[in-house]
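Asker: This is coords.csv, which holds CSV, C-alpha atoms:
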```
chain,number,residue,atom,x,y,z
A,203,MET,CA,-20.6,-6.0,16.8
A,204,SER,CA,-19.9,-8.0,13.7
A,205,LEU,CA,-16.9,-6.8,11.7
A,206,LEU,CA,-19.2,-6.7,8.7
A,207,SER,CA,-22.0,-4.7,10.2
A,208,PRO,CA,-21.3,-1.6,8.2
A,209,LEU,CA,-21.6,-3.4,4.9
A,210,PRO,CA,-25.4,-3.3,4.4
A,211,LEU,CA,-25.0,0.5,4.0
A,212,LEU,CA,-22.8,0.1,1.0
A,213,HIS,CA,-23.9,1.5,-2.3
A,214,SER,CA,-22.8,1.1,-5.9
A,215,PHE,CA,-20.6,3.1,-8.2
A,216,SER,CA,-20.3,0.3,-10.7
A,217,SER,CA,-19.0,2.5,-13.5
A,218,THR,CA,-15.6,2.6,-11.9
A,219,VAL,CA,-14.7,-1.1,-12.3
A,220,ALA,CA,-15.1,-4.1,-14.5
A,221,THR,CA,-18.6,-5.5,-15.0
A,222,LYS,CA,-19.4,-9.0,-14.1
A,223,SER,CA,-19.5,-10.0,-17.8
A,224,THR,CA,-16.3,-8.3,-18.4
A,225,ALA,CA,-14.6,-9.9,-15.4
A,226,SER,CA,-15.5,-13.4,-16.6
A,227,ARG,CA,-13.6,-12.8,-19.9
A,228,ILE,CA,-10.3,-11.6,-18.3
A,229,THR,CA,-7.4,-13.5,-19.8
A,230,ALA,CA,-4.6,-11.1,-20.5
A,231,THR,CA,-2.1,-9.7,-18.0
A,232,PRO,CA,-1.3,-6.0,-17.5
A,233,SER,CA,2.2,-6.5,-18.8
A,234,LYS,CA,0.8,-7.3,-22.2
A,235,LEU,CA,-1.4,-4.3,-22.4
A,236,ARG,CA,-1.1,-0.5,-22.5
A,237,PHE,CA,-3.3,1.5,-20.2
A,238,SER,CA,-4.2,3.8,-23.1
A,239,VAL,CA,-5.7,1.1,-25.2
A,240,VAL,CA,-9.4,1.8,-25.1
A,241,ASN,CA,-10.9,-1.7,-25.5
A,242,ALA,CA,-8.3,-3.7,-23.5
A,243,THR,CA,-9.3,-5.6,-20.4
A,244,PRO,CA,-6.3,-6.3,-18.1
A,245,GLU,CA,-6.1,-9.3,-15.8
A,246,ASN,CA,-7.2,-7.5,-12.7
A,247,GLY,CA,-9.5,-4.8,-14.0
A,248,ASN,CA,-11.2,-2.7,-16.6
A,249,SER,CA,-9.9,-0.2,-19.1
A,250,SER,CA,-13.1,0.6,-21.0
A,251,GLY,CA,-12.3,4.1,-22.0
A,252,ARG,CA,-15.3,5.5,-20.2
A,253,LYS,CA,-14.9,8.5,-18.1
A,254,ASN,CA,-14.5,7.3,-14.5
A,255,ASP,CA,-16.8,8.9,-11.9
A,256,ARG,CA,-13.8,9.3,-9.6
A,257,ASP,CA,-11.8,11.3,-12.2
A,258,GLU,CA,-13.7,14.3,-11.0
A,259,ASP,CA,-13.9,13.4,-7.3
A,260,PRO,CA,-10.8,11.4,-6.3
A,261,SER,CA,-11.8,11.2,-2.6
A,262,PHE,CA,-12.4,7.6,-1.5
A,263,ASN,CA,-15.8,6.5,-0.1
A,264,PRO,CA,-15.1,3.7,2.3
A,265,PHE,CA,-18.7,2.5,1.9
A,266,GLY,CA,-18.5,2.2,-1.8
A,267,PHE,CA,-19.4,-1.2,-3.1
A,268,VAL,CA,-19.8,-2.8,-6.5
A,269,THR,CA,-22.0,-5.9,-6.7
A,270,ASP,CA,-20.6,-6.8,-10.1
A,271,ASN,CA,-17.0,-7.0,-8.7
A,272,PRO,CA,-16.2,-10.6,-8.0
A,273,SER,CA,-13.7,-9.8,-5.3
A,274,SER,CA,-16.3,-7.8,-3.4
A,275,ARG,CA,-19.1,-10.3,-3.9
A,276,SER,CA,-17.3,-12.9,-1.9
A,277,ALA,CA,-16.7,-10.5,1.0
A,278,ILE,CA,-20.2,-10.3,2.2
A,279,GLN,CA,-23.3,-12.4,2.6
A,280,LEU,CA,-25.6,-11.7,-0.4
A,281,PRO,CA,-29.3,-12.4,-0.1
A,282,GLU,CA,-29.4,-14.9,-3.0
A,283,SER,CA,-26.7,-17.1,-1.3
A,284,PRO,CA,-27.1,-16.7,2.4
A,285,ALA,CA,-25.0,-19.7,3.4
A,286,GLU,CA,-22.2,-19.3,0.8
A,287,ASP,CA,-19.1,-17.1,0.3
A,288,GLY,CA,-20.2,-14.2,2.5
A,289,ASN,CA,-20.0,-16.3,5.7
A,290,VAL,CA,-17.2,-14.8,7.7
A,291,GLY,CA,-16.1,-18.1,9.2
A,292,GLN,CA,-15.9,-19.7,5.7
A,293,MET,CA,-14.0,-16.6,4.4
A,294,LEU,CA,-11.4,-16.9,7.1
A,295,TYR,CA,-11.0,-20.6,6.5
A,296,ARG,CA,-10.6,-20.0,2.8
A,297,THR,CA,-8.0,-17.2,3.2
A,298,GLU,CA,-6.1,-17.9,6.4
A,299,ASP,CA,-3.1,-19.5,4.8
A,300,LYS,CA,-2.9,-17.0,1.9
A,301,GLY,CA,-0.6,-14.1,1.4
A,302,LYS,CA,2.4,-15.2,3.5
A,303,GLU,CA,4.9,-15.8,0.6
A,304,TYR,CA,8.5,-15.5,1.7
A,305,GLY,CA,7.4,-14.4,5.2
A,306,SER,CA,8.0,-15.2,8.8
A,307,THR,CA,7.3,-13.6,12.2
A,308,ILE,CA,10.3,-11.7,13.8
A,309,LYS,CA,10.4,-10.7,17.4
A,310,SER,CA,11.8,-7.2,18.0
A,311,GLY,CA,11.5,-6.0,21.6
A,312,LYS,CA,7.9,-6.6,22.7
A,313,LEU,CA,6.6,-6.4,19.1
A,314,ARG,CA,6.2,-9.2,16.6
A,315,TRP,CA,6.7,-8.2,13.0
A,316,PHE,CA,5.7,-10.2,9.9
A,317,VAL,CA,8.7,-9.8,7.5
A,318,ARG,CA,9.1,-11.1,4.0
A,319,GLU,CA,12.6,-11.9,2.8
A,320,THR,CA,14.1,-13.0,-0.5
A,321,GLY,CA,17.7,-13.5,-1.5
A,322,SER,CA,20.4,-13.9,1.1
A,323,LYS,CA,23.0,-11.9,3.1
A,324,GLU,CA,25.6,-12.9,0.5
A,325,SER,CA,23.6,-11.3,-2.3
A,326,ARG,CA,26.2,-9.5,-4.4
A,327,ARG,CA,24.3,-6.3,-5.1
A,328,GLY,CA,23.2,-5.3,-1.6
A,329,THR,CA,20.1,-5.1,0.6
A,330,ILE,CA,16.8,-3.5,-0.3
A,331,VAL,CA,14.1,-2.7,2.4
A,332,PHE,CA,10.6,-2.2,1.0
A,333,VAL,CA,8.2,0.0,3.0
A,334,HIS,CA,4.4,-0.1,2.4
A,335,GLY,CA,1.8,2.6,3.1
A,336,ALA,CA,-1.7,2.5,4.6
A,337,PRO,CA,-4.1,0.7,4.6
A,338,THR,CA,-2.1,-2.0,2.8
A,339,GLN,CA,0.7,-4.4,3.7
A,340,SER,CA,4.0,-5.8,2.4
A,341,PHE,CA,2.1,-8.3,0.3
A,342,SER,CA,2.0,-5.6,-2.4
A,343,TYR,CA,5.8,-6.1,-2.9
A,344,ARG,CA,5.8,-9.9,-3.3
A,345,THR,CA,6.5,-10.0,-7.0
A,346,VAL,CA,8.9,-7.1,-7.1
A,347,MET,CA,11.1,-8.4,-4.2
A,348,SER,CA,11.1,-11.9,-5.8
A,349,GLU,CA,12.4,-10.6,-9.1
A,350,MET,CA,14.8,-8.2,-7.4
A,351,SER,CA,16.4,-11.1,-5.5
A,352,ASP,CA,16.7,-12.9,-8.8
A,353,ALA,CA,18.7,-9.9,-9.9
A,354,GLY,CA,21.1,-10.3,-7.0
A,355,PHE,CA,19.6,-8.3,-4.2
A,356,HIS,CA,18.8,-9.3,-0.6
A,357,CYS,CA,15.3,-8.0,0.1
A,358,PHE,CA,13.2,-7.4,3.2
A,359,ALA,CA,9.5,-6.2,3.3
A,360,PRO,CA,8.0,-5.8,6.7
A,361,ASP,CA,4.3,-5.3,7.6
A,362,TRP,CA,4.3,-2.1,9.7
A,363,ILE,CA,3.0,-2.6,13.3
A,364,GLY,CA,-0.8,-2.4,13.1
A,365,PHE,CA,-0.9,-3.7,9.5
A,366,GLY,CA,-1.0,-7.0,7.7
A,367,PHE,CA,0.2,-9.9,9.8
A,368,SER,CA,2.3,-7.9,12.3
A,369,ASP,CA,1.2,-7.2,15.9
A,370,LYS,CA,-1.7,-4.7,16.4
A,371,PRO,CA,-1.4,-3.6,20.0
A,372,GLN,CA,-4.2,-1.7,21.6
A,373,PRO,CA,-3.3,2.0,21.9
A,374,GLY,CA,-1.9,2.8,25.3
A,375,TYR,CA,-0.5,-0.7,25.8
A,376,GLY,CA,3.1,-0.5,24.5
A,377,PHE,CA,2.4,1.3,21.2
A,378,ASN,CA,0.5,4.5,20.4
A,379,TYR,CA,0.9,4.7,16.6
A,380,THR,CA,2.9,7.9,16.6
A,381,GLU,CA,5.6,8.8,14.1
A,382,LYS,CA,8.3,8.7,16.9
A,383,GLU,CA,7.2,5.2,17.9
A,384,TYR,CA,7.1,3.9,14.3
A,385,HIS,CA,10.7,5.3,13.8
A,386,GLU,CA,12.0,3.7,17.0
A,387,ALA,CA,10.3,0.3,16.2
A,388,PHE,CA,11.7,0.4,12.7
A,389,ASP,CA,15.2,1.1,14.0
A,390,LYS,CA,15.0,-1.9,16.3
A,391,LEU,CA,13.7,-4.2,13.6
A,392,LEU,CA,16.6,-3.3,11.3
A,393,GLU,CA,19.0,-4.2,14.1
A,394,VAL,CA,17.3,-7.6,14.6
A,395,LEU,CA,17.3,-8.2,10.9
A,396,GLU,CA,21.0,-7.3,10.9
A,397,VAL,CA,20.6,-4.9,7.9
A,398,LYS,CA,23.9,-3.3,7.3
A,399,SER,CA,24.1,0.4,6.5
A,400,PRO,CA,23.9,2.0,4.0
A,401,PHE,CA,21.2,0.1,2.3
A,402,PHE,CA,18.6,0.7,-0.5
A,403,LEU,CA,15.2,1.9,0.6
A,404,VAL,CA,11.9,1.7,-1.3
A,405,VAL,CA,8.9,3.6,0.0
A,406,GLN,CA,5.3,3.9,-1.1
A,407,GLY,CA,2.0,5.2,0.2
A,408,PHE,CA,0.2,7.3,2.8
A,409,LEU,CA,0.6,7.5,6.6
A,410,VAL,CA,3.2,4.8,7.5
A,411,GLY,CA,4.6,5.2,4.0
A,412,SER,CA,5.2,8.9,4.9
A,413,TYR,CA,6.9,7.8,8.1
A,414,GLY,CA,9.3,5.7,6.0
A,415,LEU,CA,10.3,8.9,4.2
A,416,THR,CA,10.7,11.0,7.4
A,417,TRP,CA,12.8,8.1,8.9
A,418,ALA,CA,15.1,8.4,5.9
A,419,LEU,CA,15.4,12.1,6.4
A,420,LYS,CA,16.5,11.5,10.0
A,421,ASN,CA,18.9,8.7,9.1
A,422,PRO,CA,20.5,9.8,5.8
A,423,SER,CA,23.8,8.0,6.6
A,424,LYS,CA,21.9,4.7,6.6
A,425,VAL,CA,20.4,5.2,3.1
A,426,GLU,CA,22.5,4.6,0.0
A,427,LYS,CA,19.8,5.3,-2.5
A,428,ILE,CA,16.0,5.7,-2.1
A,429,ALA,CA,13.2,4.9,-4.6
A,430,ILE,CA,9.9,6.5,-3.9
A,431,LEU,CA,6.7,5.0,-5.5
A,432,ASN,CA,3.5,7.0,-5.4
A,433,SER,CA,3.5,8.9,-2.1
A,434,PRO,CA,2.4,12.3,-0.8
A,435,LEU,CA,5.5,14.5,-1.3
A,436,THR,CA,4.5,18.1,-1.3
A,437,VAL,CA,2.3,20.3,0.9
A,438,SER,CA,-0.2,20.5,-2.0
A,439,SER,CA,-0.6,16.6,-2.0
A,440,PRO,CA,-4.3,15.7,-1.7
A,441,VAL,CA,-5.4,13.7,1.3
A,442,PRO,CA,-7.8,10.9,0.3
A,443,GLY,CA,-11.3,11.0,1.8
A,444,LEU,CA,-10.7,7.8,3.7
A,445,PHE,CA,-8.2,9.4,6.0
A,446,LYS,CA,-10.3,12.5,6.5
A,447,GLN,CA,-13.3,10.3,7.5
A,448,LEU,CA,-11.2,8.3,9.9
A,449,ARG,CA,-10.5,11.5,11.8
A,450,ILE,CA,-14.2,12.3,12.3
A,451,PRO,CA,-15.3,11.3,15.9
A,452,LEU,CA,-17.5,8.2,16.0
A,453,PHE,CA,-17.8,8.0,12.2
A,454,GLY,CA,-14.1,7.1,12.1
A,455,GLU,CA,-14.7,4.2,14.5
A,456,PHE,CA,-17.5,3.0,12.3
A,457,THR,CA,-15.5,3.4,9.0
A,458,CYS,CA,-12.4,1.6,10.2
A,459,GLN,CA,-14.3,-1.7,10.7
A,460,ASN,CA,-15.3,-1.9,7.0
A,461,ALA,CA,-14.0,-5.4,6.1
A,462,ILE,CA,-13.3,-4.5,2.5
A,463,LEU,CA,-11.7,-1.2,3.3
A,464,ALA,CA,-8.2,-2.0,2.0
A,465,GLU,CA,-9.2,-3.6,-1.3
A,466,ARG,CA,-11.6,-0.7,-2.0
A,467,PHE,CA,-8.8,1.8,-1.3
A,468,ILE,CA,-6.4,0.0,-3.6
A,469,GLU,CA,-9.0,-0.2,-6.4
A,470,GLY,CA,-10.0,3.4,-5.8
A,471,GLY,CA,-6.5,4.5,-6.8
A,472,SER,CA,-6.0,2.1,-9.6
A,473,PRO,CA,-7.3,1.6,-13.2
A,474,TYR,CA,-7.8,-2.1,-12.3
A,475,VAL,CA,-10.0,-4.3,-10.1
A,476,LEU,CA,-8.1,-6.8,-7.9
A,477,LYS,CA,-8.4,-10.5,-8.7
A,478,ASN,CA,-10.3,-12.3,-5.9
A,479,GLU,CA,-7.2,-14.2,-4.6
A,480,LYS,CA,-5.4,-10.9,-4.1
A,481,ALA,CA,-8.3,-9.1,-2.5
A,482,ASP,CA,-8.6,-12.0,-0.1
A,483,VAL,CA,-5.2,-11.2,1.4
A,484,TYR,CA,-5.8,-7.5,1.8
A,485,ARG,CA,-9.2,-8.2,3.3
A,486,LEU,CA,-8.0,-11.0,5.7
A,487,PRO,CA,-6.7,-8.8,8.6
A,488,TYR,CA,-9.9,-6.8,8.7
A,489,LEU,CA,-12.0,-10.0,8.8
A,490,SER,CA,-9.8,-11.6,11.5
A,491,SER,CA,-10.4,-9.0,14.2
A,492,GLY,CA,-11.1,-5.4,14.8
A,493,GLY,CA,-7.4,-4.7,15.6
A,494,PRO,CA,-6.2,-3.6,12.1
A,495,GLY,CA,-9.1,-1.2,11.7
A,496,PHE,CA,-8.5,0.4,15.1
A,497,ALA,CA,-4.7,0.5,14.4
A,498,LEU,CA,-5.4,2.3,11.1
A,499,LEU,CA,-7.8,4.6,12.9
A,500,GLU,CA,-5.2,5.5,15.5
A,501,THR,CA,-2.5,6.1,12.9
A,502,ALA,CA,-4.8,8.4,10.9
A,503,LYS,CA,-5.7,10.4,14.0
A,504,LYS,CA,-2.1,10.8,15.2
A,505,ILE,CA,-0.6,12.0,12.0
A,506,ASN,CA,-0.2,15.8,11.4
A,507,PHE,CA,-0.5,15.9,7.6
A,508,GLY,CA,0.7,19.4,7.2
A,509,ASP,CA,3.7,19.0,9.4
A,510,THR,CA,4.7,15.6,7.8
A,511,LEU,CA,4.3,16.9,4.3
A,512,SER,CA,6.4,20.0,5.1
A,513,GLN,CA,9.1,17.7,6.6
A,514,ILE,CA,9.2,15.7,3.4
A,515,ALA,CA,9.1,18.6,0.9
A,516,ASN,CA,11.7,20.6,2.7
A,517,GLY,CA,13.9,17.6,3.7
A,518,PHE,CA,14.3,16.3,0.2
A,519,SER,CA,14.9,19.7,-1.4
A,520,SER,CA,18.2,20.9,-2.9
A,521,GLY,CA,20.8,21.6,-0.3
A,522,ASN,CA,19.2,19.3,2.3
A,523,TRP,CA,19.2,15.9,0.5
A,524,ASP,CA,22.1,14.6,-1.6
A,525,LYS,CA,21.3,10.9,-1.9
A,526,PRO,CA,20.3,9.6,-5.4
A,527,THR,CA,16.5,9.4,-5.5
A,528,LEU,CA,14.2,7.8,-8.0
A,529,LEU,CA,10.5,8.6,-8.4
A,530,ALA,CA,8.8,5.6,-10.0
A,531,TRP,CA,5.4,7.1,-10.5
A,532,GLY,CA,2.2,5.3,-11.7
A,533,ILE,CA,0.5,8.0,-13.8
A,534,ALA,CA,-3.0,6.5,-13.4
A,535,ASP,CA,-3.0,7.3,-9.6
A,536,LYS,CA,-6.5,8.6,-8.7
A,537,TYR,CA,-5.3,9.9,-5.3
A,538,LEU,CA,-2.0,11.7,-6.2
A,539,PRO,CA,-1.7,13.5,-9.6
A,540,GLN,CA,1.5,13.4,-11.6
A,541,SER,CA,2.0,17.1,-10.8
A,542,VAL,CA,3.0,16.1,-7.2
A,543,ALA,CA,5.9,14.0,-8.6
A,544,GLU,CA,6.9,16.8,-11.0
A,545,GLU,CA,6.9,19.4,-8.3
A,546,PHE,CA,8.9,17.2,-6.0
A,547,GLU,CA,11.5,16.6,-8.8
A,548,LYS,CA,11.8,20.4,-9.4
A,549,GLN,CA,12.8,21.0,-5.8
A,550,ASN,CA,15.9,18.9,-6.2
A,551,PRO,CA,16.6,18.1,-9.9
A,552,GLN,CA,20.2,17.2,-9.3
A,553,ASN,CA,19.4,14.2,-7.1
A,554,VAL,CA,15.8,13.4,-7.9
A,555,LYS,CA,14.9,11.7,-11.1
A,556,LEU,CA,11.3,11.0,-12.3
A,557,ARG,CA,10.4,7.9,-14.2
A,558,LEU,CA,6.7,7.6,-15.2
A,559,ILE,CA,5.0,4.2,-15.2
A,560,GLU,CA,2.3,4.1,-17.7
A,561,GLY,CA,-0.7,1.8,-16.9
A,562,ALA,CA,-0.1,1.8,-13.1
A,563,GLY,CA,-2.1,3.6,-10.4
A,564,HIS,CA,-1.5,4.3,-6.8
A,565,LEU,CA,0.2,1.0,-6.1
A,566,PRO,CA,2.5,0.5,-9.1
A,567,GLN,CA,4.1,-2.5,-7.4
A,568,GLU,CA,0.7,-4.2,-7.5
A,569,ASP,CA,-0.6,-2.9,-10.8
A,570,TRP,CA,2.5,-3.4,-12.9
A,571,PRO,CA,5.4,-5.0,-11.0
A,572,GLU,CA,7.4,-5.7,-14.1
A,573,LYS,CA,7.8,-2.0,-14.8
A,574,VAL,CA,8.7,-1.3,-11.2
A,575,VAL,CA,11.4,-4.0,-11.3
A,576,ALA,CA,12.8,-2.6,-14.5
A,577,ALA,CA,13.0,0.9,-12.9
A,578,LEU,CA,14.6,-0.4,-9.7
A,579,ARG,CA,17.2,-2.5,-11.5
A,580,ALA,CA,18.3,0.4,-13.6
A,581,PHE,CA,18.5,2.7,-10.6
A,582,PHE,CA,20.1,0.4,-7.9
```
Render the structure in this file as structure tokens.

Answerer:
Amino acid sequence: MSLLSPLPLLHSFSSTVATKSTASRITATPSKLRFSVVNATPENGNSSGRKNDRDEDPSFNPFGFVTDNPSSRSAIQLPESPAEDGNVGQMLYRTEDKGKEYGSTIKSGKLRWFVRETGSKESRRGTIVFVHGAPTQSFSYRTVMSEMSDAGFHCFAPDWIGFGFSDKPQPGYGFNYTEKEYHEAFDKLLEVLEVKSPFFLVVQGFLVGSYGLTWALKNPSKVEKIAILNSPLTVSSPVPGLFKQLRIPLFGEFTCQNAILAERFIEGGSPYVLKNEKADVYRLPYLSSGGPGFALLETAKKINFGDTLSQIANGFSSGNWDKPTLLAWGIADKYLPQSVAEEFEKQNPQNVKLRLIEGAGHLPQEDWPEKVVAALRAFF
């Protein structure tokens, strides 16, 4: 079955992103604009001031598609251009060398990780390890880790197993995508990378992002400080529709093979539309094979959301967690409301400090990396 076979079923919710005419006029960068300005059009999206359809229903529809979105138009074969950008082979040829800035493949046990690295072991201010969430990859941290190394830090950002450019083993053949296995694999990777404890940890996102937080709770002596970007942190944290749909028998298998799943998820939680060259990178693993989709499917099936969120909420509460903790929170997140961060801070006000990032959504490191860098530099 073609990886793109689900796509003809996609339908439009075009009010949520920039129109074609708007996208062609994009010239400014998000760092020059405030999210609250009604008529501004940031580099990678639309801030028209219209009420967004997803404001009322934040759940993600994996089959949502916007024909006016230039990043999506190049992901499929459109009727008016049957031999152009939508051809999968041409797409792979165009994107296969993209998105590997600062990265290399590292062998850890039987697994191969793709790891980005900036700075050096001699960096004067210590080591930062950046952990991404699902269904994205370490590519989201490229700008932040580059600027943090300029500030004197040694930075690592791995693609979790099953994501990005790392190995995606078939379940049952050496890796089953459970929390325990992710923790064990992460421990081995840190050893191979010779990351000295305690180090600084940055975590963002769902599923594997949550496993980054539960790993920290099990290894507090290895963490000097932790910065948490938009992540589910309380038992009341909403679960996006994508992860619910992945857990539905048969429908999950169909959903996970949507070639534009990752970029649609990113845009669904953000006030912006990804530029085409960025969307290419998030899309590439799902175009290359069915492995990433099935890895995501297996991870979503294996996680116990209630148990994991209880671990996080209780583990970081007063009396249980005494490490300095920063919440750098994109306030335009369509998946996780600001109230999640505020509730989390109240559970441990002595050690947890909240810093709101205006103009950023679910992936603040992608939406507005300059503000994330400013927050991290002040904290670390």

Asker: Please return as a PyMOL selection string every residue within 10 Å of (12.6, 16.3, -7.3), taking into account only C-alpha atoms and the file's own coordinates.

Answerer: chain A and resi 435+515+518-520+527-529+542-556

Asker: Pick out the residues sitting within 9 Å of Ser351 in chain A, and hand them over as number ranges by chain; count only C-alpha atoms, and ignore anything fewer than 4 positions along from it in its own chain.

Answerer: A: 320-322, 325, 346-347, 355-357

Asker: Taking all atoms listed in the file into account, which of A:Ile559, A:Val483, A:Val394, A:Leu498 comes nearest Val575 in chain A?

Answerer: A:Ile559

Asker: Gln567 in chain A: which residues within 9 Å, counting all atoms listed in the file, same-chain residues fewer than 3 positions away excluded, as a ChimeraX atom specification?

Answerer: /A:342-346,431,562,564,570-575

Asker: Do you know which residues are at most 12 Å from range 426-428 of chain A counting all atoms listed in the file, after dropping those on the same chain fewer than 3 positions away, and could you put them as a PyMOL selection string?

Answerer: chain A and resi 328-333+398-406+414-415+417-419+421-423+431+518+523-530+553-555+578+581-582

Asker: Would you work out the distance separating CA of Tyr484 in chain A from CA of Pro434 in chain A, expressed in Å to one decimal?

Answerer: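 Between these atoms lies a distance of 21.6 Å.
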
Asker: Please provide as a VMD selection string all residues within 8 Å of Ile363 in chain A, with the sequence filter that same-chain residues fewer than 2 positions apart are discarded (counting all atoms listed in the file).

Answerer: chain A and resid 313 315 361 365 368 to 370 384

Asker: In Å, rounded to a single decimal, give me how far CA of Lys302 in chain A is from CA of Leu565 in chain A.

Answerer: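 For CA of Leu565 in chain A relative to CA of Lys302 in chain A, the distance reads 19.0 Å.
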